[in-house]
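Student: Sharing input.cif here; it has mmCIF, C-alpha atoms and all ligand atoms.
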```cif
data_target
loop_
_atom_site.label_atom_id
_atom_site.label_comp_id
_atom_site.auth_asym_id
_atom_site.auth_seq_id
_atom_site.Cartn_x
_atom_site.Cartn_y
_atom_site.Cartn_z
CA MET A 1 -70.23 -35.19 -196.92
CA PRO A 2 -68.72 -33.45 -199.99
CA LEU A 3 -68.23 -29.69 -199.62
CA VAL A 4 -70.79 -28.22 -202.06
CA PRO A 5 -73.81 -30.42 -201.17
CA GLY A 6 -72.94 -29.92 -197.47
CA LEU A 7 -72.83 -26.17 -197.96
CA LEU A 8 -76.17 -26.18 -199.78
CA THR A 9 -77.77 -28.27 -197.03
CA GLY A 10 -76.48 -25.84 -194.40
CA LEU A 11 -77.75 -22.81 -196.34
CA GLY A 12 -81.12 -24.54 -196.80
CA ILE A 13 -81.46 -25.04 -193.03
CA THR A 14 -80.47 -21.40 -192.39
CA PHE A 15 -83.02 -20.17 -194.93
CA LYS A 16 -85.77 -22.37 -193.42
CA GLU A 17 -85.03 -21.00 -189.93
CA ILE A 18 -85.06 -17.38 -191.20
CA VAL A 19 -88.48 -17.93 -192.81
CA LYS A 20 -89.75 -19.58 -189.59
CA THR A 21 -88.52 -16.66 -187.46
CA VAL A 22 -90.06 -14.06 -189.79
CA THR A 23 -93.43 -15.83 -190.00
CA LYS A 24 -93.81 -17.18 -186.44
CA GLY A 25 -91.55 -14.88 -184.43
CA ALA A 26 -88.36 -15.73 -182.55
CA GLU A 27 -88.35 -18.61 -180.08
CA THR A 28 -85.90 -16.80 -177.80
CA VAL A 29 -87.06 -16.56 -174.18
CA GLN A 30 -86.12 -13.38 -172.33
CA TYR A 31 -84.72 -15.03 -169.21
CA PRO A 32 -85.00 -14.11 -166.31
CA HIS A 33 -88.17 -12.14 -167.14
CA GLU A 34 -89.66 -15.21 -168.82
CA LYS A 35 -88.95 -18.77 -167.75
CA GLU A 36 -89.49 -22.08 -169.47
CA ASP A 37 -90.21 -25.22 -167.50
CA PRO A 38 -87.29 -27.60 -167.86
CA ALA A 39 -88.01 -31.22 -168.78
CA PRO A 40 -88.85 -33.21 -165.62
CA ARG A 41 -85.73 -35.34 -165.99
CA ALA A 42 -83.42 -32.41 -166.79
CA ARG A 43 -80.04 -32.45 -165.04
CA GLY A 44 -80.29 -29.28 -163.02
CA VAL A 45 -78.83 -30.06 -159.63
CA ILE A 46 -78.07 -33.21 -157.63
CA ALA A 47 -80.06 -33.84 -154.46
CA LEU A 48 -78.84 -35.98 -151.56
CA HIS A 49 -81.12 -38.28 -149.55
CA GLU A 50 -78.77 -38.39 -146.57
CA ASP A 51 -80.47 -41.26 -144.73
CA ASN A 52 -79.70 -43.58 -147.65
CA CYS A 53 -76.02 -42.64 -147.92
CA THR A 54 -73.63 -45.15 -146.36
CA ALA A 55 -70.49 -43.10 -147.12
CA CYS A 56 -69.32 -45.97 -149.35
CA MET A 57 -67.31 -43.46 -151.45
CA LEU A 58 -68.29 -45.05 -154.75
CA CYS A 59 -69.54 -41.74 -156.17
CA VAL A 60 -66.33 -40.00 -155.06
CA ARG A 61 -64.16 -42.58 -156.81
CA GLU A 62 -66.19 -42.55 -160.04
CA CYS A 63 -66.63 -38.77 -160.36
CA PRO A 64 -64.41 -37.75 -163.32
CA ASP A 65 -64.01 -34.22 -161.96
CA TRP A 66 -63.19 -35.16 -158.36
CA CYS A 67 -65.74 -32.64 -157.15
CA ILE A 68 -67.47 -34.73 -154.46
CA TYR A 69 -66.00 -34.51 -150.96
CA ILE A 70 -67.11 -36.97 -148.29
CA GLU A 71 -65.96 -37.49 -144.72
CA GLY A 72 -67.51 -39.90 -142.28
CA HIS A 73 -66.97 -41.93 -139.15
CA LYS A 74 -67.96 -45.37 -137.86
CA ASP A 75 -70.78 -45.59 -135.39
CA LEU A 76 -72.69 -48.35 -133.63
CA ALA A 77 -76.35 -48.95 -134.48
CA PRO A 78 -78.76 -51.15 -132.49
CA PRO A 79 -78.86 -54.84 -133.50
CA ARG A 80 -81.45 -55.92 -136.04
CA ARG A 81 -82.76 -58.72 -133.78
CA ALA A 82 -83.18 -58.98 -130.04
CA GLY A 83 -80.03 -60.45 -128.50
CA GLY A 84 -77.91 -59.61 -131.56
CA LYS A 85 -74.71 -57.59 -131.65
CA PRO A 86 -74.74 -53.83 -132.30
CA ARG A 87 -74.04 -53.12 -135.97
CA GLN A 88 -71.23 -50.95 -137.22
CA VAL A 89 -72.48 -48.26 -139.62
CA ASN A 90 -70.87 -45.36 -141.47
CA LYS A 91 -72.15 -41.90 -140.56
CA LEU A 92 -71.71 -38.90 -142.83
CA ASP A 93 -69.87 -35.89 -141.42
CA ARG A 94 -69.45 -34.10 -144.70
CA PHE A 95 -70.92 -34.46 -148.19
CA ASP A 96 -70.15 -31.59 -150.55
CA ILE A 97 -70.51 -31.23 -154.30
CA ASP A 98 -68.62 -28.41 -156.00
CA TYR A 99 -70.84 -27.18 -158.84
CA GLY A 100 -68.01 -24.95 -159.96
CA LEU A 101 -66.31 -28.14 -161.18
CA CYS A 102 -69.19 -30.55 -161.83
CA MET A 103 -69.83 -31.33 -165.51
CA TYR A 104 -73.29 -32.83 -164.93
CA CYS A 105 -72.35 -36.20 -166.36
CA GLY A 106 -74.62 -38.02 -163.89
CA ILE A 107 -72.14 -40.81 -163.17
CA CYS A 108 -72.47 -40.30 -159.39
CA VAL A 109 -76.26 -40.68 -159.59
CA GLU A 110 -75.93 -43.79 -161.75
CA VAL A 111 -73.35 -45.59 -159.63
CA CYS A 112 -74.86 -44.96 -156.18
CA PRO A 113 -76.00 -48.41 -155.04
CA PHE A 114 -78.21 -47.05 -152.25
CA GLU A 115 -80.51 -44.56 -154.02
CA ALA A 116 -79.00 -41.60 -152.20
CA LEU A 117 -78.50 -39.26 -155.17
CA PHE A 118 -81.19 -37.90 -157.48
CA TRP A 119 -81.42 -35.36 -160.28
CA SER A 120 -83.60 -32.33 -159.77
CA PRO A 121 -84.47 -30.07 -162.73
CA GLU A 122 -83.87 -26.96 -160.54
CA TYR A 123 -81.27 -24.73 -162.20
CA GLU A 124 -81.46 -21.36 -160.47
CA TYR A 125 -78.51 -21.46 -158.11
CA SER A 126 -75.90 -19.27 -159.78
CA GLU A 127 -73.66 -17.33 -157.40
CA PRO A 128 -71.54 -14.20 -157.74
CA ARG A 129 -68.71 -15.99 -155.88
CA ILE A 130 -67.56 -19.29 -157.37
CA ALA A 131 -66.74 -20.60 -153.88
CA ASP A 132 -70.46 -20.47 -153.05
CA LEU A 133 -71.14 -23.11 -155.69
CA LEU A 134 -69.94 -25.69 -153.17
CA HIS A 135 -73.15 -27.19 -151.76
CA ASP A 136 -72.88 -28.96 -148.42
CA LYS A 137 -75.05 -31.86 -147.29
CA THR A 138 -77.69 -29.57 -145.80
CA ARG A 139 -78.11 -27.70 -149.07
CA LEU A 140 -77.95 -30.90 -151.13
CA GLY A 141 -80.62 -32.36 -148.85
CA GLN A 142 -82.87 -29.34 -149.39
CA TRP A 143 -82.90 -30.04 -153.13
CA MET A 144 -84.78 -33.31 -152.41
CA THR A 145 -88.05 -31.36 -152.26
CA THR A 146 -87.55 -30.42 -155.94
CA VAL A 147 -86.93 -33.98 -157.20
CA PRO A 148 -89.89 -35.02 -159.37
CA ASP A 149 -91.70 -38.31 -158.84
CA PHE A 150 -90.69 -41.15 -161.07
CA GLU A 151 -92.55 -41.09 -164.36
CA PRO A 152 -94.66 -44.09 -165.26
CA TYR A 153 -93.01 -46.61 -167.56
CA GLU A 154 -93.52 -46.02 -171.27
CA ALA A 155 -95.87 -48.47 -172.91
CA GLY A 156 -94.09 -51.71 -173.69
CA SER A 157 -91.14 -51.02 -171.37
CA GLN A 158 -92.49 -52.80 -168.27
CA VAL A 159 -90.44 -55.63 -166.87
CA LYS A 160 -91.92 -58.83 -168.21
CA ALA A 161 -92.87 -61.63 -165.86
CA LYS A 162 -90.10 -64.21 -165.71
CA GLN A 163 -90.69 -66.79 -168.39
CA VAL A 164 -90.41 -70.34 -167.18
CA PRO A 165 -88.77 -72.62 -169.74
CA ARG A 166 -90.97 -75.53 -170.78
S1 LIG A 201 -72.47 -35.23 -162.18
FE1 LIG A 201 -70.47 -36.09 -162.81
S2 LIG A 201 -69.02 -34.42 -162.47
FE2 LIG A 201 -70.87 -33.88 -161.33
S3 LIG A 201 -70.54 -34.67 -159.27
FE3 LIG A 201 -71.61 -36.28 -160.40
S4 LIG A 201 -69.98 -37.60 -161.25
FE4 LIG A 201 -69.04 -35.66 -160.60
S1 LIG A 202 -74.09 -41.08 -152.29
FE1 LIG A 202 -74.25 -43.26 -152.76
S2 LIG A 202 -72.33 -43.80 -153.79
FE2 LIG A 202 -72.02 -41.81 -152.75
S3 LIG A 202 -71.15 -42.37 -150.76
FE3 LIG A 202 -73.37 -42.17 -150.47
S4 LIG A 202 -74.14 -44.28 -150.77
FE4 LIG A 202 -72.06 -44.25 -151.59
#
```
Could you express the structure from this file as structure tokens?
Tutor:
Amino acid sequence: MPLVPGLLTGLGITFKEIVKTVTKGAETVQYPHEKEDPAPRARGVIALHEDNCTACMLCVRECPDWCIYIEGHKDLAPPRRAGGKPRQVNKLDRFDIDYGLCMYCGICVEVCPFEALFWSPEYEYSEPRIADLLHDKTRLGQWMTTVPDFEPYEAGSQVKAKQVPR
């Protein structure tokens, strides 16, 4: 955009906002005395559904900030059918996310193939010590109670029944 028209557009927006503030009052919220409800799908904190996690390490490998730390061990689970062999499963010993490093990109939630990670809109977990921003699996599990239910599909976005070619 050329300089002068761009400048005029910017000044126009500033003037409009000044008029809006003078006539309707400021939209600033005096946090923490006043709180706004975040959008239900806001990226506040990541919750872990531990039972679903297989310690596959996919989230660890894909995290651009390397702020997920997982340790696990192999264990034997009962066979699925009578007479079958015991199954080998991965058990989680450690699952930490360091929110001092996390950039809230959501890649870990997207790539998890087992529905073990979810976004919660909860955002009040600041700490005076940065080291306390490391949430272990117990704390990450506690966030599950704050994960909202899935919203219904928007009109027209439902999966269509498979069309059979004629
Ligand atoms: S949101 Fe992004 S940066 Fe944070 S833990 Fe997940 S992948 Fe890593
Ligand atoms: S949270 Fe998901 S992607 Fe990460 S280790 Fe567990 S199962 Fe794998």
Student: Could I get the residue neighbourhood of ligand LIG 202 (chain A) at 9 Å, counting all atoms listed in the file, as a count of residues only?
Tutor: 28
Student: Counting only C-alpha atoms and all ligand atoms, which residues in chain A sit no more than 8 Å from ligand LIG 201 (chain A)? For each one, give the nearest pair of atoms and the distance in Å, sorted by chain then residue number, as a tab-separated table.
Tutor:
```
residue	atom	partner	partner_atom	distance
A:Ile46	CA	A:LIG201	S1	7.5
A:Cys59	CA	A:LIG201	S4	6.6
A:Val60	CA	A:LIG201	FE4	7.5
A:Glu62	CA	A:LIG201	S4	6.4
A:Cys63	CA	A:LIG201	S4	3.7
A:Pro64	CA	A:LIG201	S2	5.8
A:Asp65	CA	A:LIG201	S2	5.0
A:Trp66	CA	A:LIG201	FE4	6.3
A:Cys67	CA	A:LIG201	S3	5.6
A:Ile68	CA	A:LIG201	S3	5.7
A:Ile97	CA	A:LIG201	S3	6.0
A:Asp98	CA	A:LIG201	S3	7.3
A:Tyr99	CA	A:LIG201	FE2	7.1
A:Leu101	CA	A:LIG201	S2	7.0
A:Cys102	CA	A:LIG201	FE2	3.8
A:Met103	CA	A:LIG201	S2	4.4
A:Tyr104	CA	A:LIG201	S1	3.7
A:Cys105	CA	A:LIG201	FE1	4.0
A:Gly106	CA	A:LIG201	S1	3.9
A:Ile107	CA	A:LIG201	S4	4.3
A:Cys108	CA	A:LIG201	S4	4.1
A:Val109	CA	A:LIG201	FE3	6.5
```
Student: So, with all atoms listed in the file as the atoms that count, which of A:Ala47, A:Ala155, A:Val89, A:Ile18 lies closest to A:Gln142?
Tutor: A:Ala47
Student: Please provide as number ranges by chain all residues within 10 Å of A:Gly100, with the sequence filter that same-chain residues fewer than 3 positions apart are discarded (counting only C-alpha atoms).
Tutor: A: 67, 97, 103, 126-127, 129-135
Student: Could you list, as a ChimeraX atom specification, every residue within 9 Å of A:Pro78, counting all atoms listed in the file and ignoring same-chain residues fewer than 3 positions away?
Tutor: /A:81,84-88
Student: Find, counting only C-alpha atoms, the residue in A:Pro128, A:Pro79, A:Pro2, A:Pro148 that gets nearest to A:Arg41.
Tutor: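 Comparing A:Pro128, A:Pro79, A:Pro2, A:Pro148 against A:Arg41, the winner is A:Pro148.
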Student: Could you please determine the separation between atom CA of A:Ser120 and atom CA of A:Met144 in Å, to one decimal place?
Tutor: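 Separating atom CA of A:Ser120 from atom CA of A:Met144 is a distance of 7.5 Å.
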Student: How many Å separate atom CA of A:Pro152 from atom CA of A:Ala39?
Tutor: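 Computed distance, atom CA of A:Pro152 to atom CA of A:Ala39, equals 14.9 Å.
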Student: Rounded to one decimal, what separation in Å do you get between atom CA of A:Leu140 and atom CA of A:His33?
Tutor: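 Atom CA of A:Leu140 sits 26.7 Å away from atom CA of A:His33.
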